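Peer 1: Input data.cif, format and content: mmCIF, N, CA and C atoms and all ligand atoms.
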data_input
loop_
_atom_site.label_atom_id
_atom_site.label_comp_id
_atom_site.auth_asym_id
_atom_site.auth_seq_id
_atom_site.Cartn_x
_atom_site.Cartn_y
_atom_site.Cartn_z
N MET A 1 -78.18 30.45 -69.64
CA MET A 1 -78.76 30.50 -70.99
C MET A 1 -77.75 31.14 -71.96
N LYS A 2 -77.62 30.55 -73.13
CA LYS A 2 -76.65 31.07 -74.09
C LYS A 2 -77.26 32.24 -74.87
N GLN A 3 -76.54 33.35 -74.89
CA GLN A 3 -77.01 34.53 -75.63
C GLN A 3 -75.88 34.98 -76.54
N ASN A 4 -76.22 35.82 -77.52
CA ASN A 4 -75.12 36.36 -78.32
C ASN A 4 -74.92 37.84 -78.04
N TYR A 5 -73.66 38.18 -77.87
CA TYR A 5 -73.27 39.52 -77.45
C TYR A 5 -72.40 40.17 -78.53
N ALA A 6 -72.55 41.49 -78.66
CA ALA A 6 -71.60 42.25 -79.49
C ALA A 6 -70.96 43.28 -78.59
N ILE A 7 -69.64 43.34 -78.64
CA ILE A 7 -68.90 44.32 -77.83
C ILE A 7 -68.23 45.31 -78.78
N ILE A 8 -68.52 46.58 -78.58
CA ILE A 8 -67.92 47.61 -79.43
C ILE A 8 -66.88 48.35 -78.60
N GLY A 9 -65.61 48.15 -78.94
CA GLY A 9 -64.52 48.76 -78.18
C GLY A 9 -63.84 47.73 -77.30
N LEU A 10 -62.55 47.52 -77.56
CA LEU A 10 -61.81 46.50 -76.83
C LEU A 10 -60.70 47.09 -75.97
N GLY A 11 -61.04 48.13 -75.22
CA GLY A 11 -60.09 48.67 -74.23
C GLY A 11 -60.06 47.74 -73.03
N ARG A 12 -59.60 48.23 -71.88
CA ARG A 12 -59.54 47.36 -70.69
C ARG A 12 -60.94 46.89 -70.31
N PHE A 13 -61.92 47.80 -70.39
CA PHE A 13 -63.29 47.47 -70.00
C PHE A 13 -63.93 46.46 -70.97
N GLY A 14 -63.99 46.83 -72.24
CA GLY A 14 -64.60 45.95 -73.24
C GLY A 14 -63.85 44.63 -73.35
N GLY A 15 -62.52 44.71 -73.26
CA GLY A 15 -61.69 43.50 -73.37
C GLY A 15 -61.97 42.54 -72.22
N SER A 16 -62.12 43.09 -71.03
CA SER A 16 -62.37 42.24 -69.87
C SER A 16 -63.76 41.60 -69.96
N ILE A 17 -64.73 42.36 -70.45
CA ILE A 17 -66.08 41.79 -70.62
C ILE A 17 -66.02 40.66 -71.66
N CYS A 18 -65.30 40.92 -72.73
CA CYS A 18 -65.18 39.93 -73.80
C CYS A 18 -64.60 38.62 -73.26
N GLN A 19 -63.48 38.73 -72.58
CA GLN A 19 -62.82 37.53 -72.05
C GLN A 19 -63.74 36.76 -71.11
N THR A 20 -64.42 37.49 -70.22
CA THR A 20 -65.26 36.83 -69.22
C THR A 20 -66.47 36.16 -69.86
N LEU A 21 -67.08 36.82 -70.84
CA LEU A 21 -68.23 36.22 -71.52
C LEU A 21 -67.82 34.94 -72.25
N VAL A 22 -66.68 35.01 -72.95
CA VAL A 22 -66.22 33.83 -73.69
C VAL A 22 -65.91 32.70 -72.71
N ASP A 23 -65.24 33.04 -71.59
CA ASP A 23 -64.93 32.02 -70.58
C ASP A 23 -66.21 31.38 -70.03
N SER A 24 -67.31 32.16 -70.07
CA SER A 24 -68.59 31.61 -69.57
C SER A 24 -69.37 30.89 -70.67
N GLY A 25 -68.76 30.71 -71.82
CA GLY A 25 -69.38 29.93 -72.89
C GLY A 25 -70.32 30.72 -73.79
N GLN A 26 -70.23 32.05 -73.75
CA GLN A 26 -71.13 32.86 -74.59
C GLN A 26 -70.50 33.16 -75.95
N GLU A 27 -71.38 33.47 -76.91
CA GLU A 27 -70.94 33.84 -78.26
C GLU A 27 -70.68 35.35 -78.27
N VAL A 28 -69.50 35.77 -78.71
CA VAL A 28 -69.18 37.19 -78.67
C VAL A 28 -68.61 37.68 -80.00
N LEU A 29 -69.25 38.72 -80.54
CA LEU A 29 -68.68 39.44 -81.69
C LEU A 29 -67.99 40.67 -81.12
N ALA A 30 -66.70 40.85 -81.41
CA ALA A 30 -65.96 41.99 -80.89
C ALA A 30 -65.57 42.92 -82.05
N ILE A 31 -65.80 44.21 -81.86
CA ILE A 31 -65.52 45.19 -82.91
C ILE A 31 -64.62 46.29 -82.36
N ASP A 32 -63.58 46.60 -83.10
CA ASP A 32 -62.73 47.75 -82.71
C ASP A 32 -62.16 48.35 -83.98
N ASN A 33 -62.00 49.68 -83.99
CA ASN A 33 -61.45 50.30 -85.20
C ASN A 33 -59.92 50.32 -85.19
N ASN A 34 -59.36 49.86 -84.08
CA ASN A 34 -57.91 49.80 -83.98
C ASN A 34 -57.48 48.35 -84.28
N GLU A 35 -56.74 48.19 -85.37
CA GLU A 35 -56.41 46.84 -85.84
C GLU A 35 -55.61 46.05 -84.81
N GLU A 36 -54.67 46.74 -84.15
CA GLU A 36 -53.84 46.04 -83.16
C GLU A 36 -54.68 45.50 -82.01
N ARG A 37 -55.59 46.38 -81.53
CA ARG A 37 -56.50 45.97 -80.45
C ARG A 37 -57.32 44.75 -80.88
N ALA A 38 -57.87 44.85 -82.08
CA ALA A 38 -58.72 43.76 -82.58
C ALA A 38 -57.91 42.46 -82.66
N ASN A 39 -56.67 42.56 -83.15
CA ASN A 39 -55.84 41.36 -83.29
C ASN A 39 -55.61 40.65 -81.96
N GLU A 40 -55.53 41.44 -80.88
CA GLU A 40 -55.30 40.84 -79.56
C GLU A 40 -56.44 39.90 -79.16
N TYR A 41 -57.62 40.10 -79.78
CA TYR A 41 -58.78 39.30 -79.40
C TYR A 41 -59.17 38.24 -80.42
N MET A 42 -58.31 38.08 -81.46
CA MET A 42 -58.60 37.10 -82.51
C MET A 42 -58.80 35.69 -81.95
N ASN A 43 -58.01 35.36 -80.92
CA ASN A 43 -58.12 34.02 -80.35
C ASN A 43 -59.00 33.97 -79.11
N VAL A 44 -59.68 35.07 -78.83
CA VAL A 44 -60.54 35.12 -77.65
C VAL A 44 -62.00 35.12 -78.08
N ALA A 45 -62.40 36.17 -78.83
CA ALA A 45 -63.81 36.33 -79.21
C ALA A 45 -64.20 35.32 -80.28
N THR A 46 -65.49 35.09 -80.40
CA THR A 46 -66.00 34.16 -81.41
C THR A 46 -65.73 34.73 -82.82
N HIS A 47 -65.99 36.03 -82.98
CA HIS A 47 -65.68 36.73 -84.23
C HIS A 47 -65.09 38.08 -83.87
N VAL A 48 -64.11 38.53 -84.64
CA VAL A 48 -63.52 39.85 -84.41
C VAL A 48 -63.57 40.63 -85.71
N VAL A 49 -63.99 41.89 -85.61
CA VAL A 49 -64.08 42.73 -86.81
C VAL A 49 -63.34 44.04 -86.56
N VAL A 50 -62.51 44.43 -87.53
CA VAL A 50 -61.88 45.75 -87.46
C VAL A 50 -62.80 46.68 -88.23
N GLY A 51 -63.37 47.65 -87.54
CA GLY A 51 -64.28 48.55 -88.23
C GLY A 51 -64.69 49.71 -87.36
N ASN A 52 -65.16 50.77 -88.01
CA ASN A 52 -65.62 51.94 -87.29
C ASN A 52 -67.11 51.79 -87.00
N ALA A 53 -67.43 51.65 -85.71
CA ALA A 53 -68.83 51.42 -85.33
C ALA A 53 -69.69 52.67 -85.55
N GLN A 54 -69.06 53.81 -85.81
CA GLN A 54 -69.84 55.03 -86.08
C GLN A 54 -70.44 54.98 -87.48
N ASP A 55 -69.97 54.03 -88.28
CA ASP A 55 -70.46 53.88 -89.64
C ASP A 55 -71.69 52.96 -89.62
N GLU A 56 -72.85 53.54 -89.90
CA GLU A 56 -74.10 52.79 -89.81
C GLU A 56 -74.10 51.54 -90.70
N MET A 57 -73.50 51.66 -91.89
CA MET A 57 -73.45 50.52 -92.81
C MET A 57 -72.68 49.35 -92.19
N THR A 58 -71.62 49.69 -91.47
CA THR A 58 -70.82 48.64 -90.81
C THR A 58 -71.70 47.90 -89.81
N LEU A 59 -72.44 48.66 -89.00
CA LEU A 59 -73.30 48.03 -87.99
C LEU A 59 -74.38 47.18 -88.65
N ARG A 60 -74.95 47.71 -89.74
CA ARG A 60 -76.01 46.96 -90.43
C ARG A 60 -75.45 45.68 -91.04
N SER A 61 -74.28 45.81 -91.69
CA SER A 61 -73.75 44.62 -92.36
C SER A 61 -73.35 43.54 -91.36
N LEU A 62 -73.07 43.95 -90.12
CA LEU A 62 -72.74 42.94 -89.09
C LEU A 62 -74.00 42.35 -88.46
N GLY A 63 -75.14 42.88 -88.86
CA GLY A 63 -76.41 42.37 -88.32
C GLY A 63 -76.57 42.66 -86.84
N ILE A 64 -76.12 43.83 -86.41
CA ILE A 64 -76.15 44.18 -84.99
C ILE A 64 -77.56 44.04 -84.40
N ARG A 65 -78.57 44.30 -85.20
CA ARG A 65 -79.94 44.25 -84.67
C ARG A 65 -80.35 42.85 -84.21
N ASN A 66 -79.60 41.83 -84.65
CA ASN A 66 -79.95 40.46 -84.26
C ASN A 66 -79.31 40.01 -82.94
N PHE A 67 -78.49 40.88 -82.35
CA PHE A 67 -77.82 40.47 -81.11
C PHE A 67 -78.73 40.67 -79.91
N ASP A 68 -78.61 39.78 -78.91
CA ASP A 68 -79.42 39.90 -77.69
C ASP A 68 -78.94 41.08 -76.86
N GLN A 69 -77.62 41.24 -76.81
CA GLN A 69 -77.06 42.31 -75.97
C GLN A 69 -75.90 42.96 -76.69
N VAL A 70 -75.86 44.28 -76.62
CA VAL A 70 -74.73 45.02 -77.19
C VAL A 70 -74.09 45.85 -76.09
N ILE A 71 -72.77 45.78 -76.02
CA ILE A 71 -72.02 46.54 -75.02
C ILE A 71 -71.24 47.62 -75.75
N VAL A 72 -71.55 48.87 -75.46
CA VAL A 72 -70.82 49.98 -76.09
C VAL A 72 -69.73 50.38 -75.11
N ALA A 73 -68.52 49.91 -75.39
CA ALA A 73 -67.41 50.09 -74.46
C ALA A 73 -66.41 51.14 -74.95
N ILE A 74 -66.94 52.13 -75.66
CA ILE A 74 -66.10 53.26 -76.10
C ILE A 74 -66.23 54.30 -75.00
N GLY A 75 -65.12 54.79 -74.47
CA GLY A 75 -65.22 55.76 -73.38
C GLY A 75 -64.79 57.16 -73.77
N GLU A 76 -63.55 57.27 -74.20
CA GLU A 76 -62.97 58.59 -74.41
C GLU A 76 -63.67 59.41 -75.49
N ASP A 77 -63.99 58.79 -76.59
CA ASP A 77 -64.65 59.50 -77.69
C ASP A 77 -66.15 59.51 -77.38
N ILE A 78 -66.55 60.53 -76.60
CA ILE A 78 -67.94 60.59 -76.12
C ILE A 78 -68.93 60.70 -77.27
N GLN A 79 -68.55 61.46 -78.29
CA GLN A 79 -69.45 61.60 -79.45
C GLN A 79 -69.69 60.24 -80.11
N ALA A 80 -68.61 59.47 -80.28
CA ALA A 80 -68.75 58.14 -80.90
C ALA A 80 -69.62 57.25 -80.03
N SER A 81 -69.40 57.29 -78.72
CA SER A 81 -70.17 56.45 -77.80
C SER A 81 -71.66 56.77 -77.91
N ILE A 82 -71.99 58.06 -77.94
CA ILE A 82 -73.41 58.47 -78.01
C ILE A 82 -74.01 58.06 -79.36
N LEU A 83 -73.30 58.34 -80.43
CA LEU A 83 -73.84 58.03 -81.76
C LEU A 83 -74.05 56.52 -81.93
N VAL A 84 -73.07 55.74 -81.50
CA VAL A 84 -73.18 54.29 -81.65
C VAL A 84 -74.34 53.75 -80.80
N THR A 85 -74.46 54.25 -79.57
CA THR A 85 -75.56 53.81 -78.69
C THR A 85 -76.91 54.14 -79.34
N LEU A 86 -77.02 55.33 -79.89
CA LEU A 86 -78.26 55.76 -80.54
C LEU A 86 -78.60 54.86 -81.74
N MET A 87 -77.61 54.58 -82.57
CA MET A 87 -77.86 53.76 -83.76
C MET A 87 -78.27 52.34 -83.37
N VAL A 88 -77.57 51.80 -82.37
CA VAL A 88 -77.88 50.44 -81.93
C VAL A 88 -79.30 50.39 -81.36
N LYS A 89 -79.67 51.44 -80.63
CA LYS A 89 -81.03 51.53 -80.07
C LYS A 89 -82.06 51.57 -81.20
N GLU A 90 -81.79 52.42 -82.20
CA GLU A 90 -82.74 52.56 -83.31
C GLU A 90 -82.86 51.26 -84.12
N MET A 91 -81.83 50.45 -84.08
CA MET A 91 -81.87 49.18 -84.81
C MET A 91 -82.71 48.14 -84.05
N GLY A 92 -83.06 48.46 -82.81
CA GLY A 92 -83.97 47.60 -82.05
C GLY A 92 -83.33 46.54 -81.17
N VAL A 93 -82.05 46.73 -80.84
CA VAL A 93 -81.40 45.76 -79.93
C VAL A 93 -82.10 45.80 -78.57
N PRO A 94 -82.48 44.63 -78.03
CA PRO A 94 -83.26 44.64 -76.80
C PRO A 94 -82.52 45.06 -75.53
N SER A 95 -81.20 44.90 -75.51
CA SER A 95 -80.48 45.26 -74.28
C SER A 95 -79.14 45.89 -74.62
N ILE A 96 -78.96 47.12 -74.15
CA ILE A 96 -77.71 47.85 -74.44
C ILE A 96 -77.08 48.29 -73.12
N LEU A 97 -75.82 47.92 -72.97
CA LEU A 97 -75.05 48.41 -71.82
C LEU A 97 -74.01 49.37 -72.36
N ALA A 98 -73.90 50.54 -71.77
CA ALA A 98 -72.93 51.51 -72.27
C ALA A 98 -72.05 52.03 -71.15
N LYS A 99 -70.79 52.29 -71.51
CA LYS A 99 -69.83 52.80 -70.53
C LYS A 99 -69.80 54.32 -70.61
N ALA A 100 -69.92 54.97 -69.45
CA ALA A 100 -69.89 56.44 -69.43
C ALA A 100 -68.56 56.94 -68.88
N GLN A 101 -68.16 58.07 -69.41
CA GLN A 101 -66.90 58.69 -69.01
C GLN A 101 -67.11 59.64 -67.83
N ASN A 102 -68.29 60.23 -67.75
CA ASN A 102 -68.59 61.16 -66.66
C ASN A 102 -70.12 61.23 -66.48
N GLU A 103 -70.55 62.02 -65.51
CA GLU A 103 -71.99 62.09 -65.18
C GLU A 103 -72.85 62.60 -66.34
N TYR A 104 -72.35 63.61 -67.06
CA TYR A 104 -73.13 64.18 -68.18
C TYR A 104 -73.28 63.14 -69.29
N HIS A 105 -72.19 62.47 -69.56
CA HIS A 105 -72.20 61.40 -70.56
C HIS A 105 -73.22 60.33 -70.15
N ALA A 106 -73.20 59.97 -68.88
CA ALA A 106 -74.13 58.94 -68.37
C ALA A 106 -75.58 59.38 -68.58
N ARG A 107 -75.86 60.66 -68.32
CA ARG A 107 -77.24 61.14 -68.45
C ARG A 107 -77.71 61.07 -69.90
N VAL A 108 -76.83 61.43 -70.82
CA VAL A 108 -77.20 61.38 -72.24
C VAL A 108 -77.45 59.92 -72.65
N LEU A 109 -76.57 59.03 -72.24
CA LEU A 109 -76.73 57.61 -72.61
C LEU A 109 -78.05 57.05 -72.10
N GLU A 110 -78.41 57.45 -70.88
CA GLU A 110 -79.70 56.99 -70.32
C GLU A 110 -80.86 57.54 -71.14
N LYS A 111 -80.77 58.84 -71.47
CA LYS A 111 -81.85 59.49 -72.23
C LYS A 111 -82.09 58.86 -73.60
N ILE A 112 -80.99 58.46 -74.26
CA ILE A 112 -81.17 57.92 -75.61
C ILE A 112 -81.49 56.42 -75.60
N GLY A 113 -81.61 55.86 -74.39
CA GLY A 113 -82.16 54.50 -74.32
C GLY A 113 -81.21 53.39 -73.95
N ALA A 114 -80.01 53.71 -73.42
CA ALA A 114 -79.15 52.62 -72.94
C ALA A 114 -79.88 51.98 -71.76
N ASP A 115 -79.94 50.66 -71.72
CA ASP A 115 -80.66 49.97 -70.66
C ASP A 115 -79.87 49.97 -69.36
N ARG A 116 -78.55 49.97 -69.51
CA ARG A 116 -77.71 50.02 -68.31
C ARG A 116 -76.50 50.89 -68.63
N VAL A 117 -76.20 51.82 -67.73
CA VAL A 117 -75.04 52.68 -67.94
C VAL A 117 -74.08 52.43 -66.78
N VAL A 118 -72.83 52.15 -67.12
CA VAL A 118 -71.85 51.93 -66.06
C VAL A 118 -70.72 52.95 -66.19
N HIS A 119 -70.14 53.21 -65.03
CA HIS A 119 -69.06 54.20 -64.94
C HIS A 119 -68.00 53.45 -64.15
N PRO A 120 -67.17 52.63 -64.83
CA PRO A 120 -66.37 51.63 -64.12
C PRO A 120 -65.54 52.14 -62.96
N GLU A 121 -64.82 53.24 -63.14
CA GLU A 121 -63.96 53.71 -62.04
C GLU A 121 -64.81 54.12 -60.83
N ARG A 122 -65.88 54.90 -61.10
CA ARG A 122 -66.73 55.36 -60.01
C ARG A 122 -67.43 54.16 -59.32
N ASP A 123 -67.98 53.26 -60.13
CA ASP A 123 -68.72 52.13 -59.57
C ASP A 123 -67.80 51.22 -58.75
N MET A 124 -66.59 51.00 -59.26
CA MET A 124 -65.66 50.13 -58.53
C MET A 124 -65.20 50.80 -57.24
N GLY A 125 -64.98 52.12 -57.30
CA GLY A 125 -64.59 52.87 -56.09
C GLY A 125 -65.66 52.73 -55.02
N ALA A 126 -66.92 52.90 -55.44
CA ALA A 126 -68.04 52.83 -54.48
C ALA A 126 -68.12 51.41 -53.90
N ARG A 127 -67.93 50.42 -54.77
CA ARG A 127 -68.03 49.03 -54.30
C ARG A 127 -66.94 48.71 -53.27
N ILE A 128 -65.72 49.17 -53.57
CA ILE A 128 -64.61 48.90 -52.64
C ILE A 128 -64.86 49.60 -51.31
N ALA A 129 -65.34 50.85 -51.37
CA ALA A 129 -65.61 51.58 -50.13
C ALA A 129 -66.68 50.86 -49.30
N HIS A 130 -67.74 50.37 -49.97
CA HIS A 130 -68.79 49.63 -49.25
C HIS A 130 -68.22 48.38 -48.61
N GLN A 131 -67.34 47.69 -49.36
CA GLN A 131 -66.74 46.46 -48.81
C GLN A 131 -65.89 46.79 -47.58
N MET A 132 -65.14 47.93 -47.67
CA MET A 132 -64.29 48.32 -46.53
C MET A 132 -65.14 48.59 -45.31
N VAL A 133 -66.23 49.34 -45.52
CA VAL A 133 -67.09 49.70 -44.40
C VAL A 133 -67.72 48.44 -43.82
N SER A 134 -68.23 47.54 -44.69
CA SER A 134 -68.90 46.36 -44.13
C SER A 134 -67.90 45.42 -43.47
N SER A 135 -66.66 45.34 -43.96
CA SER A 135 -65.71 44.45 -43.28
C SER A 135 -65.28 45.07 -41.95
N ASN A 136 -65.27 46.42 -41.84
CA ASN A 136 -64.99 47.07 -40.55
C ASN A 136 -66.08 46.74 -39.55
N ILE A 137 -67.34 46.75 -40.04
CA ILE A 137 -68.46 46.44 -39.14
C ILE A 137 -68.34 45.00 -38.65
N LEU A 138 -67.98 44.08 -39.59
CA LEU A 138 -67.84 42.67 -39.20
C LEU A 138 -66.68 42.50 -38.22
N ASP A 139 -65.55 43.23 -38.48
CA ASP A 139 -64.39 43.13 -37.58
C ASP A 139 -64.76 43.57 -36.17
N TYR A 140 -65.61 44.62 -36.13
CA TYR A 140 -66.02 45.18 -34.84
C TYR A 140 -66.88 44.16 -34.10
P1 LIG B 1 -60.56 51.47 -71.37
O1 LIG B 1 -60.79 52.53 -70.33
O2 LIG B 1 -61.67 50.47 -71.44
O3 LIG B 1 -59.21 50.84 -71.27
P2 LIG B 1 -59.41 53.05 -73.45
O4 LIG B 1 -59.12 54.20 -72.54
O5 LIG B 1 -58.28 52.22 -73.93
O6 LIG B 1 -60.57 52.17 -72.80
P3 LIG B 1 -61.49 54.15 -75.08
O7 LIG B 1 -61.38 55.48 -75.71
O8 LIG B 1 -62.42 54.04 -73.94
O9 LIG B 1 -60.05 53.61 -74.75
O10 LIG B 1 -61.87 53.13 -76.25
C1 LIG B 1 -62.04 51.78 -76.00
C2 LIG B 1 -61.83 51.04 -77.32
O11 LIG B 1 -62.82 51.47 -78.25
C3 LIG B 1 -60.46 51.30 -77.97
O12 LIG B 1 -59.83 50.04 -78.20
C4 LIG B 1 -60.79 52.03 -79.27
O13 LIG B 1 -59.94 51.63 -80.32
C5 LIG B 1 -62.24 51.58 -79.53
N1 LIG B 1 -63.01 52.54 -80.32
C6 LIG B 1 -63.07 53.88 -80.15
N2 LIG B 1 -63.87 54.44 -81.08
C7 LIG B 1 -64.35 53.42 -81.86
C8 LIG B 1 -65.22 53.34 -82.99
N3 LIG B 1 -65.79 54.43 -83.50
N4 LIG B 1 -65.47 52.12 -83.53
C9 LIG B 1 -64.92 51.00 -83.01
N5 LIG B 1 -64.09 51.02 -81.94
C10 LIG B 1 -63.79 52.20 -81.37
#
What does this structure look like when you write it as structure tokens?
Ligand code: ATP
Peer 2:
Amino acid sequence: MKQNYAIIGLGRFGGSICQTLVDSGQEVLAIDNNEERANEYMNVATHVVVGNAQDEMTLRSLGIRNFDQVIVAIGEDIQASILVTLMVKEMGVPSILAKAQNEYHARVLEKIGADRVVHPERDMGARIAHQMVSSNILDY
């Protein structure tokens, strides 16, 4: 089913989500406050905007509330990640996925209403370890 996605933050995580969604035929609005980062996705995302997602007017003018899914892929600036997640939630977006930098950050994101919180390094580490253990069992 075709849905429209907004990705806030085009680091390795947000960028990879953007590329994969577009490759799967989805509509993607990508937002980053770093012009160089945004430019890298001009030919990838459906629409690219250079802007500060912490600015409520920017989010409103982009019509963020009309998106099916919003991905908050800001990691390092924890304050920005929390504020943006909160604003997007208050705007009524039905599904929000947010990237957490650490356990405390993850707990706050869950409390303020992120529908899914991911911690890419931790989650990938756990997945690889599970795969190693299950392939050992199969080898045995
Ligand atoms: P990753 O781990 O995904 O590679 P990163 O370490 O490069 O990310 P992060 O701090 O997690 O960097 O930020 C991800 C992206 O979010 C960056 O491209 C950054 O420019 C963007 N970003 C950070 N704050 C904002 C903001 N307030 N509005 C829009 N984009 C932002």
Peer 1: Find the residues near ligand LIG 1 (chain B). Use a cut-off of 7 Å, count only C-alpha atoms and all ligand atoms, and write them as a ChimeraX atom specification.
Peer 2: /A:8-14,31-34,37,51-54,73-77,80
Peer 1: Pick out the residues sitting within 12 Å of A:Met57, and hand them over as number ranges by chain; count only C-alpha atoms, and ignore anything fewer than 4 positions along from it in its own chain.
Peer 2: A: 51-53, 61-64, 84, 87-88, 91
Peer 1: Give me, as a list in words, all polymer residues having an atom no more than 7 Å from stretch 98-104 of chain A, counting only N, CA and C atoms and skipping those fewer than 2 positions away in the same chain.
Peer 2: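 Residues meeting the cut-off are Val70, Ile71, Val72, Ala73, Ile74, Gly75, Glu76, Ile96, Ala106, Arg107, Val108, Leu109, Ala114, Asp115, Arg116, Val117, Val118, His119 and Pro120 of chain A.
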Peer 1: I need the chosen residues saved as an mmCIF file, keeping the file's coordinate frame, with N, CA and C atoms.
Peer 2:
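Contents of the output file again10.cif:
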data_model
loop_
_atom_site.group_PDB
_atom_site.id
_atom_site.type_symbol
_atom_site.label_atom_id
_atom_site.label_comp_id
_atom_site.auth_asym_id
_atom_site.auth_seq_id
_atom_site.Cartn_x
_atom_site.Cartn_y
_atom_site.Cartn_z
ATOM 1 N N VAL A 70 -75.860 44.280 -76.620
ATOM 2 C CA VAL A 70 -74.730 45.020 -77.190
ATOM 3 C C VAL A 70 -74.090 45.850 -76.090
ATOM 4 N N ILE A 71 -72.770 45.780 -76.020
ATOM 5 C CA ILE A 71 -72.020 46.540 -75.020
ATOM 6 C C ILE A 71 -71.240 47.620 -75.750
ATOM 7 N N VAL A 72 -71.550 48.870 -75.460
ATOM 8 C CA VAL A 72 -70.820 49.980 -76.090
ATOM 9 C C VAL A 72 -69.730 50.380 -75.110
ATOM 10 N N ALA A 73 -68.520 49.910 -75.390
ATOM 11 C CA ALA A 73 -67.410 50.090 -74.460
ATOM 12 C C ALA A 73 -66.410 51.140 -74.950
ATOM 13 N N ILE A 74 -66.940 52.130 -75.660
ATOM 14 C CA ILE A 74 -66.100 53.260 -76.100
ATOM 15 C C ILE A 74 -66.230 54.300 -75.000
ATOM 16 N N GLY A 75 -65.120 54.790 -74.470
ATOM 17 C CA GLY A 75 -65.220 55.760 -73.380
ATOM 18 C C GLY A 75 -64.790 57.160 -73.770
ATOM 19 N N GLU A 76 -63.550 57.270 -74.200
ATOM 20 C CA GLU A 76 -62.970 58.590 -74.410
ATOM 21 C C GLU A 76 -63.670 59.410 -75.490
ATOM 22 N N ILE A 96 -78.960 47.120 -74.150
ATOM 23 C CA ILE A 96 -77.710 47.850 -74.440
ATOM 24 C C ILE A 96 -77.080 48.290 -73.120
ATOM 25 N N ALA A 106 -73.200 59.970 -68.880
ATOM 26 C CA ALA A 106 -74.130 58.940 -68.370
ATOM 27 C C ALA A 106 -75.580 59.380 -68.580
ATOM 28 N N ARG A 107 -75.860 60.660 -68.320
ATOM 29 C CA ARG A 107 -77.240 61.140 -68.450
ATOM 30 C C ARG A 107 -77.710 61.070 -69.900
ATOM 31 N N VAL A 108 -76.830 61.430 -70.820
ATOM 32 C CA VAL A 108 -77.200 61.380 -72.240
ATOM 33 C C VAL A 108 -77.450 59.920 -72.650
ATOM 34 N N LEU A 109 -76.570 59.030 -72.240
ATOM 35 C CA LEU A 109 -76.730 57.610 -72.610
ATOM 36 C C LEU A 109 -78.050 57.050 -72.100
ATOM 37 N N ALA A 114 -80.010 53.710 -73.420
ATOM 38 C CA ALA A 114 -79.150 52.620 -72.940
ATOM 39 C C ALA A 114 -79.880 51.980 -71.760
ATOM 40 N N ASP A 115 -79.940 50.660 -71.720
ATOM 41 C CA ASP A 115 -80.660 49.970 -70.660
ATOM 42 C C ASP A 115 -79.870 49.970 -69.360
ATOM 43 N N ARG A 116 -78.550 49.970 -69.510
ATOM 44 C CA ARG A 116 -77.710 50.020 -68.310
ATOM 45 C C ARG A 116 -76.500 50.890 -68.630
ATOM 46 N N VAL A 117 -76.200 51.820 -67.730
ATOM 47 C CA VAL A 117 -75.040 52.680 -67.940
ATOM 48 C C VAL A 117 -74.080 52.430 -66.780
ATOM 49 N N VAL A 118 -72.830 52.150 -67.120
ATOM 50 C CA VAL A 118 -71.850 51.930 -66.060
ATOM 51 C C VAL A 118 -70.720 52.950 -66.190
ATOM 52 N N HIS A 119 -70.140 53.210 -65.030
ATOM 53 C CA HIS A 119 -69.060 54.200 -64.940
ATOM 54 C C HIS A 119 -68.000 53.450 -64.150
ATOM 55 N N PRO A 120 -67.170 52.630 -64.830
ATOM 56 C CA PRO A 120 -66.370 51.630 -64.120
ATOM 57 C C PRO A 120 -65.540 52.140 -62.960
#
Peer 1: Rounded to one decimal in Å, what is the spacing between atom CA of A:Leu59 and atom N of A:Met1?
Peer 2: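 Going from atom CA of A:Leu59 over to atom N of A:Met1 covers 25.9 Å.
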Peer 1: Which of these residues is nearest to A:Leu21, using only C-alpha atoms: A:Glu110, A:Tyr5, A:Gly92, A:His130?
Peer 2: A:Tyr5
Peer 1: Go ahead and fit an axis-aligned box to every listed atom of stretch 97-101 of chain A plus 5 Å each side, and pass me the centre and edge lengths in Å, one decimal, as lines of an AutoDock Vina configuration file.
Peer 2:
center_x = -71.4
center_y = 53.8
center_z = -70.4
size_x = 18.9
size_y = 21.7
size_z = 15.1
Peer 1: If you run DSSP on the backbone here, which positions in chain A get alpha helix (DSSP H)? Please write them as a PyMOL selection string.
Peer 2: chain A and resi 12-23+35-40+56-61+78-90+103-111+120-139
Peer 1: May I ask for the distance between atom N of A:Glu27 and atom N of A:Asn43, given in Å to one decimal place?
Peer 2: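 Between these atoms lies a distance of 14.1 Å.
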Peer 1: Provide the atom N of A:Val28 to atom C of A:Ala45 distance in Å, to one decimal place.
Peer 2: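 Between atom N of A:Val28 and atom C of A:Ala45 the gap works out to 5.5 Å.
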Peer 1: For the strand (DSSP E) assignment from backbone DSSP, which residues of chain A qualify? Please present them as a PyMOL selection string.
Peer 2: chain A and resi 4-8+27-32+47-50+69-72+95-99+116-118
Peer 1: Using only N, CA and C atoms, which of the listed residues (A:Val93, A:Val44, A:Met132, A:Ile78) sits closest to A:Asp23?
Peer 2: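 Closest candidate: A:Val44.
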Peer 1: Would you please work out which residue, of A:Arg65, A:Arg60, A:His105, A:Arg127, is nearest to A:Ile82 when using only C-alpha atoms?
Peer 2: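 That would be A:His105, the residue with the smallest distance to A:Ile82.
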Peer 1: Extract, using only C-alpha atoms, all DNA, RNA and protein residues at most 8 Å from A:Asn4, discarding same-chain residues fewer than 5 positions from it, and format them as a VMD selection string.
Peer 2: chain A and resid 26 to 29 67 to 69
Peer 1: Save stretch 6-17 of chain A of the structure in the block above to a file, with C-alpha atoms included, as an mmCIF file, in the first residue's frame.
Peer 2:
data_model
loop_
_atom_site.group_PDB
_atom_site.id
_atom_site.type_symbol
_atom_site.label_atom_id
_atom_site.label_comp_id
_atom_site.auth_asym_id
_atom_site.auth_seq_id
_atom_site.Cartn_x
_atom_site.Cartn_y
_atom_site.Cartn_z
ATOM 1 C CA ALA A 6 8.252 12.449 6.189
ATOM 2 C CA ILE A 7 11.808 11.884 7.362
ATOM 3 C CA ILE A 8 13.381 14.461 9.642
ATOM 4 C CA GLY A 9 17.172 14.141 9.632
ATOM 5 C CA LEU A 10 19.230 12.675 6.821
ATOM 6 C CA GLY A 11 22.163 11.090 8.643
ATOM 7 C CA ARG A 12 23.119 7.465 7.952
ATOM 8 C CA PHE A 13 19.914 6.232 9.617
ATOM 9 C CA GLY A 14 17.411 8.672 8.104
ATOM 10 C CA GLY A 15 19.219 8.585 4.756
ATOM 11 C CA SER A 16 19.064 4.815 4.571
ATOM 12 C CA ILE A 17 15.350 4.811 5.432
#
